[in-house]
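Here is coords15.cif, consisting of mmCIF, C-alpha atoms:
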```cif
data_upload
loop_
_atom_site.label_atom_id
_atom_site.label_comp_id
_atom_site.auth_asym_id
_atom_site.auth_seq_id
_atom_site.Cartn_x
_atom_site.Cartn_y
_atom_site.Cartn_z
CA MET A 653 177.15 2.89 57.71
CA VAL A 654 178.92 2.08 54.44
CA LYS A 655 182.59 1.39 54.66
CA ILE A 656 185.03 3.39 52.55
CA GLY A 657 186.13 0.37 50.48
CA THR A 658 182.57 -0.60 49.77
CA SER A 659 181.73 2.95 48.66
CA ARG A 660 184.66 2.95 46.27
CA ARG A 661 183.57 -0.37 44.79
CA LEU A 662 180.04 0.93 44.25
CA LYS A 663 181.32 4.06 42.52
CA LYS A 664 183.65 1.99 40.36
CA SER A 665 180.80 -0.37 39.39
CA ALA A 666 178.53 2.54 38.43
CA ALA A 667 181.28 4.12 36.35
CA SER A 668 181.93 0.78 34.67
CA LYS A 669 178.27 0.43 33.74
CA LYS A 670 178.23 3.94 32.26
CA LEU A 671 181.35 3.11 30.28
CA ARG A 672 179.83 -0.12 28.96
CA ARG A 673 176.67 1.75 27.95
CA ARG A 674 178.80 4.37 26.20
CA ASP A 675 180.81 1.65 24.41
CA PHE A 676 177.63 -0.12 23.36
CA PHE A 677 176.17 3.11 21.97
CA THR A 678 179.41 3.81 20.10
CA TYR A 679 179.46 0.28 18.70
CA PHE A 680 175.77 0.54 17.71
CA MET A 681 176.37 3.83 15.88
CA GLU A 682 179.38 2.35 14.10
CA VAL A 683 177.27 -0.59 12.95
CA LEU A 684 174.56 1.79 11.72
CA LEU A 685 177.12 3.85 9.82
CA ILE A 686 178.58 0.71 8.22
CA ILE A 687 175.11 -0.50 7.18
CA PHE A 688 174.27 2.97 5.85
CA GLY A 689 177.54 3.10 3.92
CA ILE A 690 176.97 -0.33 2.40
CA SER A 691 173.40 0.64 1.46
CA VAL A 692 174.54 3.90 -0.18
CA ALA A 693 177.34 2.11 -2.04
CA TYR A 694 174.88 -0.53 -3.25
CA GLN A 695 172.38 2.08 -4.41
CA LEU A 696 175.11 4.00 -6.21
CA ASN A 697 176.32 0.80 -7.85
CA VAL A 698 172.77 -0.01 -8.96
CA TYR A 699 172.36 3.53 -10.31
CA TYR A 700 175.63 3.51 -12.25
CA GLU A 701 174.98 0.01 -13.59
CA GLY A 702 171.53 1.18 -14.66
CA GLN A 703 173.03 4.18 -16.42
CA LYS A 704 175.58 1.95 -18.09
CA ASP A 705 172.87 -0.46 -19.27
CA LEU A 706 170.79 2.47 -20.50
CA GLN A 707 173.70 3.76 -22.60
CA LEU A 708 174.30 0.28 -24.03
CA GLU A 709 170.59 0.03 -24.81
CA LYS A 710 170.61 3.35 -26.65
CA ALA A 711 173.75 2.41 -28.59
CA ALA A 712 172.15 -0.85 -29.75
CA LEU A 713 168.94 1.00 -30.59
CA ARG A 714 170.84 3.53 -32.71
CA LYS A 715 172.32 0.66 -34.72
CA VAL A 716 168.82 -0.72 -35.29
CA TYR A 717 167.68 2.73 -36.38
CA ARG A 718 170.51 3.10 -38.91
CA GLU A 719 169.98 -0.42 -40.23
CA ASN A 720 166.25 0.19 -40.58
CA GLU A 721 166.95 3.43 -42.47
CA THR A 722 169.26 1.53 -44.83
CA ASN A 723 166.64 -1.15 -45.45
CA MET A 724 164.01 1.49 -46.22
CA GLU A 725 166.35 3.24 -48.64
CA ASN A 726 166.99 -0.05 -50.43
CA PHE A 727 163.27 -0.68 -50.62
CA TYR A 728 162.56 2.80 -51.89
CA SER A 729 165.26 2.54 -54.57
CA ILE A 730 163.61 -0.47 -56.26
CA VAL A 731 159.97 0.63 -55.92
CA PRO A 732 159.90 2.34 -59.39
CA SER A 733 161.45 -0.74 -61.02
CA ARG A 734 159.02 -3.06 -59.25
CA ASN A 735 156.02 -0.96 -60.29
CA GLU A 736 157.30 -0.87 -63.87
CA LEU A 737 157.75 -4.64 -63.80
CA GLN A 738 154.17 -5.11 -62.68
CA GLU A 739 152.83 -2.78 -65.35
CA ASP A 740 154.91 -4.45 -68.10
CA THR A 741 153.55 -7.84 -67.02
CA ARG A 742 150.03 -6.45 -67.10
CA GLU A 743 150.57 -4.99 -70.56
CA LEU A 744 152.03 -8.25 -71.88
CA ALA A 745 148.96 -10.11 -70.59
CA ARG A 746 146.68 -7.53 -72.29
CA ILE A 747 148.49 -7.96 -75.61
CA LEU A 748 148.38 -11.76 -75.43
CA PHE A 749 144.64 -11.80 -74.77
CA SER A 750 143.79 -9.01 -77.24
CA GLY A 751 143.77 -11.38 -80.22
CA GLY A 752 145.80 -8.99 -82.39
CA LEU A 753 148.99 -9.60 -84.32
CA LEU A 754 151.76 -9.97 -81.79
CA GLU A 755 154.36 -8.93 -84.33
CA ASP A 756 152.71 -5.52 -84.61
CA ASP A 757 152.38 -4.84 -80.87
CA ASN A 758 156.05 -4.43 -79.99
CA ILE A 759 155.62 -7.39 -77.66
CA GLY A 760 159.39 -7.90 -77.39
CA THR A 761 159.75 -4.82 -75.17
CA TYR A 762 157.50 -6.29 -72.49
CA LEU A 763 158.69 -9.85 -73.05
CA PHE A 764 162.27 -8.96 -72.18
CA ASN A 765 161.46 -6.38 -69.51
CA ILE A 766 159.53 -8.80 -67.33
CA ASN A 767 162.37 -11.30 -67.42
CA ARG A 768 164.18 -9.00 -64.99
CA THR A 769 164.02 -9.50 -61.21
CA TYR A 770 164.46 -7.00 -58.38
CA LYS A 771 165.40 -8.37 -54.98
CA PRO A 772 165.60 -6.16 -51.88
CA ILE A 773 168.80 -6.12 -49.85
CA ILE A 774 167.66 -6.82 -46.29
CA GLN A 775 170.03 -6.36 -43.35
CA LEU A 776 169.15 -8.05 -40.06
CA GLU A 777 172.39 -7.95 -38.04
CA ALA A 778 171.45 -5.04 -35.75
CA ILE A 779 167.89 -6.33 -35.33
CA ASN A 780 169.09 -9.79 -34.35
CA PHE A 781 171.63 -8.34 -31.92
CA TYR A 782 169.10 -6.05 -30.24
CA LEU A 783 166.49 -8.79 -29.89
CA ASN A 784 169.07 -10.90 -28.03
CA THR A 785 169.99 -8.12 -25.57
CA ASN A 786 168.43 -7.59 -22.18
CA TYR A 787 169.94 -4.32 -20.99
CA THR A 788 166.67 -2.79 -19.76
CA ASN A 789 162.95 -3.46 -19.99
CA ARG A 790 162.10 0.07 -21.11
CA ASN A 791 161.67 -0.69 -24.81
CA SER A 792 159.60 -3.86 -24.84
CA ASP A 793 157.25 -2.18 -27.35
CA VAL A 794 160.17 -1.67 -29.75
CA LYS A 795 161.19 -5.31 -29.44
CA SER A 796 157.62 -6.39 -30.15
CA GLU A 797 157.59 -4.28 -33.33
CA LEU A 798 161.00 -5.62 -34.33
CA ILE A 799 159.81 -9.21 -34.02
CA THR A 800 156.88 -8.41 -36.31
CA LEU A 801 159.09 -6.57 -38.81
CA LYS A 802 161.73 -9.31 -38.83
CA SER A 803 159.03 -11.89 -39.51
CA LYS A 804 157.79 -9.79 -42.44
CA TYR A 805 161.36 -9.38 -43.76
CA LEU A 806 161.92 -13.13 -43.70
CA GLU A 807 158.57 -13.76 -45.37
CA LEU A 808 159.36 -11.24 -48.10
CA ARG A 809 162.82 -12.67 -48.68
CA ASP A 810 161.47 -16.21 -48.97
CA VAL A 811 158.68 -15.16 -51.34
CA VAL A 812 161.07 -13.16 -53.53
CA ASP A 813 163.49 -16.10 -53.77
CA TYR A 814 160.62 -18.45 -54.60
CA TYR A 815 159.20 -16.20 -57.33
CA VAL A 816 162.65 -15.68 -58.85
CA ARG A 817 163.14 -19.44 -59.07
CA MET A 818 159.67 -19.89 -60.54
CA LYS A 819 160.29 -17.19 -63.15
CA GLU A 820 163.56 -18.76 -64.17
CA LYS A 821 162.04 -22.23 -64.35
CA TYR A 822 158.66 -21.57 -65.95
CA TYR A 823 159.19 -18.35 -67.89
CA SER A 824 162.77 -18.35 -69.15
CA GLU A 825 162.97 -22.11 -69.69
CA PHE A 826 159.55 -22.20 -71.38
CA LEU A 827 160.69 -19.71 -74.02
CA VAL A 828 164.28 -20.85 -74.34
CA SER A 829 163.77 -22.37 -77.81
CA ASP A 830 161.74 -19.41 -79.15
CA VAL A 831 163.47 -16.43 -77.56
CA ASP A 832 167.12 -15.40 -77.27
CA PHE A 833 167.15 -13.44 -74.00
CA GLY A 834 170.86 -12.62 -74.32
CA GLU A 835 170.38 -10.89 -77.68
CA GLU A 836 166.80 -9.85 -76.79
CA LYS A 837 165.54 -11.38 -80.02
CA ILE A 838 162.33 -13.32 -80.73
CA ILE A 839 163.03 -16.36 -82.91
CA SER A 840 159.51 -17.78 -83.06
CA TYR A 841 156.04 -16.80 -81.84
CA GLU A 842 154.74 -20.35 -81.58
CA LYS A 843 155.04 -20.76 -77.80
CA ILE A 844 154.30 -17.08 -77.15
CA LYS A 845 150.88 -17.51 -78.77
CA SER A 846 150.07 -20.66 -76.79
CA VAL A 847 147.35 -20.81 -74.13
CA GLU A 848 149.93 -22.20 -71.73
CA PHE A 849 152.07 -19.08 -72.06
CA LYS A 850 149.07 -16.80 -71.60
CA ASN A 851 148.21 -18.55 -68.35
CA LEU A 852 151.84 -18.36 -67.30
CA VAL A 853 151.89 -14.58 -67.75
CA VAL A 854 148.65 -14.23 -65.78
CA ASN A 855 150.28 -16.15 -62.92
CA LEU A 856 153.35 -13.94 -63.17
CA LEU A 857 151.15 -10.87 -62.87
CA ALA A 858 149.49 -12.28 -59.75
CA ASN A 859 152.94 -12.97 -58.30
CA GLU A 860 154.15 -9.43 -59.00
CA GLN A 861 151.04 -7.97 -57.39
CA GLU A 862 151.51 -10.13 -54.31
CA LEU A 863 155.17 -9.15 -54.07
CA ASN A 864 154.37 -5.46 -54.31
CA ARG A 865 151.74 -5.85 -51.59
CA LEU A 866 154.35 -7.47 -49.34
CA PHE A 867 156.80 -4.68 -50.20
CA GLU A 868 154.25 -2.04 -49.19
CA ASP A 869 153.28 -3.80 -45.95
CA THR A 870 156.92 -4.27 -44.96
CA PHE A 871 157.82 -0.69 -45.80
CA GLU A 872 154.92 0.59 -43.68
CA LEU A 873 156.08 -1.49 -40.71
CA ALA A 874 159.64 -0.23 -41.15
CA LEU A 875 158.37 3.36 -41.30
CA ASP A 876 156.35 2.93 -38.09
CA LEU A 877 159.40 1.47 -36.36
CA ASP A 878 161.54 4.36 -37.60
CA GLU A 879 159.20 6.88 -35.96
CA MET A 880 159.00 4.85 -32.74
CA ILE A 881 162.78 4.64 -32.36
CA GLU A 882 163.17 8.35 -33.08
CA GLU A 883 160.91 9.10 -30.10
CA LYS A 884 162.91 6.74 -27.89
CA LEU A 885 166.25 8.30 -28.79
CA HIS A 886 165.18 11.93 -28.35
#
```

When written as structure tokens, how does the structure in this file appear?
Amino acid sequence: MVKIGTSRRLKKSAASKKLRRRDFFTYFMEVLLIIFGISVAYQLNVYYEGQKDLQLEKAALRKVYRENETNMENFYSIVPSRNELQEDTRELARILFSGGLLEDDNIGTYLFNINRTYKPIIQLEAINFYLNTNYTNRNSDVKSELITLKSKYLELRDVVDYYVRMKEKYYSEFLVSDVDFGEEKIISYEKIKSVEFKNLVVNLLANEQELNRLFEDTFELALDLDEMIEEKLH
């Protein structure tokens, strides 16, 4: 027979165990809710940071697009002059090797025309900035194309600068005593008729052809990039 005090203690112990189990369950649920809240907050933070990076990526890409458009416009604006320069150089070479009287062939027109130079204005600020960003990895193909285009831009700029220096050194300086470029007046035909000058003009023609080839290749790359970025932005 169980005494009354013992019965009360047993009931109290059972109630205490139930209470502890209830407290443990409450505590466990609170921990789960905290973990869930932290997880949701982290996922939201990742999402919003991703959206922010995506907007920054698009903004940088738009700058590249506008800069590329500007470069193509600059290229396009000097294409007629560059083609004319090549044709004038070709015509001067034809006249020199024709064996006719240079005085009768209006040689001065071509002689002075090919002394001009046409250098493209190449902007690289937006390209350099974009290549140094790492907002997302969505446009790795664009970056690959930009690296190729930038390399071609730098090659073209170096070649243009080199040919301009060569023209000034070997063409203008060679004729300085026989031709007044400021007044566009031929003083003497002695050097113009020389074999050395004929070979010089042939080399100039080869240079102009090479430059125009580089212009065309670079413009094609810029055009491909233009279309690629348009697809990315729309």

Counting all atoms listed in the file, the option among A:Gln707, A:Thr722, A:Ser729, A:Asn859 closest to Ile766 of chain A: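 Distance minimum relative to Ile766 of chain A lands on A:Asn859.
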
Residues of segment 760-875 of chain A within 9 Å of segment 712-720 of chain A: nearest atom pair and distance (Å, one decimal) for each, counting all atoms listed in the file, sorted by chain and number, as CSV?
```
residue,atom,partner,partner_atom,distance
A:Gln775,CA,A:Glu719,CA,6.7
A:Leu776,CA,A:Glu719,CA,7.7
A:Glu777,CA,A:Glu719,CA,8.2
A:Ala778,CA,A:Val716,CA,5.1
A:Ile779,CA,A:Val716,CA,5.7
A:Phe781,CA,A:Ala712,CA,7.8
A:Tyr782,CA,A:Ala712,CA,6.0
A:Thr785,CA,A:Ala712,CA,8.7
A:Ala874,CA,A:Asn720,CA,6.6
A:Leu875,CA,A:Asn720,CA,8.5
```

One-decimal distance in Å that lies between atom CA of Asn855 of chain A and atom CA of Arg809 of chain A: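 Between atom CA of Arg809 of chain A and atom CA of Asn855 of chain A the gap is 19.3 Å.
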
Within-12 Å shell of (167.8, -9.1, -78.9) in input frame, all atoms listed in the file, as a list in words: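 Those within range, by chain then number, are Gly760, Thr761, Leu763, Phe764, Asn765, Asp830, Val831, Asp832, Phe833, Gly834, Glu835, Glu836, Lys837, Ile838 and Ile839 of chain A.
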
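Proximity of A:Glu820, A:Glu709, A:Glu860, A:Glu848 to Ser733 of chain A, computed with only C-alpha atoms, is greatest for A:Glu860.
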
Surrounding residues of Lys884 of chain A excluding itself and chain neighbours under 3 positions, 12 Å, only C-alpha atoms, as a ChimeraX atom specification: /A:706,709-711,713-714,717,790-794,877-881

Within 12 Å of Glu743 of chain A using only C-alpha atoms, minus same-chain residues under 4 positions, as a list in words: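 Counting only the stated atoms, we get Glu736, Leu737, Gln738, Glu739, Ile747, Leu748, Phe749, Ser750, Asp757, Asn758, Ile759, Gly760, Thr761, Tyr762, Leu763, Asn765, Ile766, Lys850, Val853, Val854, Leu856 and Leu857 of chain A.
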
Just C-alpha atoms for this one: save the residues we selected as a compact mmCIF listing (two decimals), in the coordinates of the input.
```
# COMPACT_ATOMS: atom_id res chain seq x y z
CA GLU A 736 157.30 -0.87 -63.87
CA LEU A 737 157.75 -4.64 -63.80
CA GLN A 738 154.17 -5.11 -62.68
CA GLU A 739 152.83 -2.78 -65.35
CA ILE A 747 148.49 -7.96 -75.61
CA LEU A 748 148.38 -11.76 -75.43
CA PHE A 749 144.64 -11.80 -74.77
CA SER A 750 143.79 -9.01 -77.24
CA ASP A 757 152.38 -4.84 -80.87
CA ASN A 758 156.05 -4.43 -79.99
CA ILE A 759 155.62 -7.39 -77.66
CA GLY A 760 159.39 -7.90 -77.39
CA THR A 761 159.75 -4.82 -75.17
CA TYR A 762 157.50 -6.29 -72.49
CA LEU A 763 158.69 -9.85 -73.05
CA ASN A 765 161.46 -6.38 -69.51
CA ILE A 766 159.53 -8.80 -67.33
CA LYS A 850 149.07 -16.80 -71.60
CA VAL A 853 151.89 -14.58 -67.75
CA VAL A 854 148.65 -14.23 -65.78
CA LEU A 856 153.35 -13.94 -63.17
CA LEU A 857 151.15 -10.87 -62.87
```

Computed interatomic separation between atom CA of Asn767 of chain A and atom CA of Gly751 of chain A (Å):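 Here the two named atoms are 22.6 Å from each other.
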
From A:Tyr815, A:Leu754, A:Ile844, A:Ala858, residue lying nearest Ser829 of chain A [all atoms listed in the file]: A:Ile844

Incomplete segment 802-815 of chain A brought to N, CA and C atoms, written out as a compact mmCIF listing (two decimals), in the frame of the given file:
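Contents of the output file out.txt:
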```txt
# COMPACT_ATOMS: atom_id res chain seq x y z
N LYS A 802 160.79 -8.26 -38.42
CA LYS A 802 161.73 -9.31 -38.83
C LYS A 802 160.98 -10.46 -39.49
N SER A 803 159.85 -10.83 -38.93
CA SER A 803 159.03 -11.89 -39.51
C SER A 803 158.59 -11.52 -40.93
N LYS A 804 158.22 -10.25 -41.11
CA LYS A 804 157.79 -9.79 -42.44
C LYS A 804 158.98 -9.77 -43.42
N TYR A 805 160.15 -9.36 -42.93
CA TYR A 805 161.36 -9.38 -43.76
C TYR A 805 161.66 -10.79 -44.26
N LEU A 806 161.61 -11.74 -43.34
CA LEU A 806 161.92 -13.13 -43.70
C LEU A 806 160.88 -13.69 -44.67
N GLU A 807 159.62 -13.32 -44.45
CA GLU A 807 158.57 -13.76 -45.37
C GLU A 807 158.80 -13.19 -46.76
N LEU A 808 159.12 -11.90 -46.82
CA LEU A 808 159.36 -11.24 -48.10
C LEU A 808 160.56 -11.86 -48.81
N ARG A 809 161.62 -12.09 -48.08
CA ARG A 809 162.82 -12.67 -48.68
C ARG A 809 162.54 -14.06 -49.25
N ASP A 810 161.79 -14.85 -48.50
CA ASP A 810 161.47 -16.21 -48.97
C ASP A 810 160.57 -16.17 -50.21
N VAL A 811 159.59 -15.26 -50.20
CA VAL A 811 158.68 -15.16 -51.34
C VAL A 811 159.42 -14.66 -52.58
N VAL A 812 160.29 -13.67 -52.41
CA VAL A 812 161.07 -13.16 -53.53
C VAL A 812 161.93 -14.26 -54.13
N ASP A 813 162.63 -15.00 -53.28
CA ASP A 813 163.49 -16.10 -53.77
C ASP A 813 162.67 -17.15 -54.51
N TYR A 814 161.48 -17.44 -53.96
CA TYR A 814 160.62 -18.45 -54.60
C TYR A 814 160.14 -17.98 -55.97
N TYR A 815 159.70 -16.72 -56.05
CA TYR A 815 159.20 -16.20 -57.33
C TYR A 815 160.32 -16.09 -58.36
```
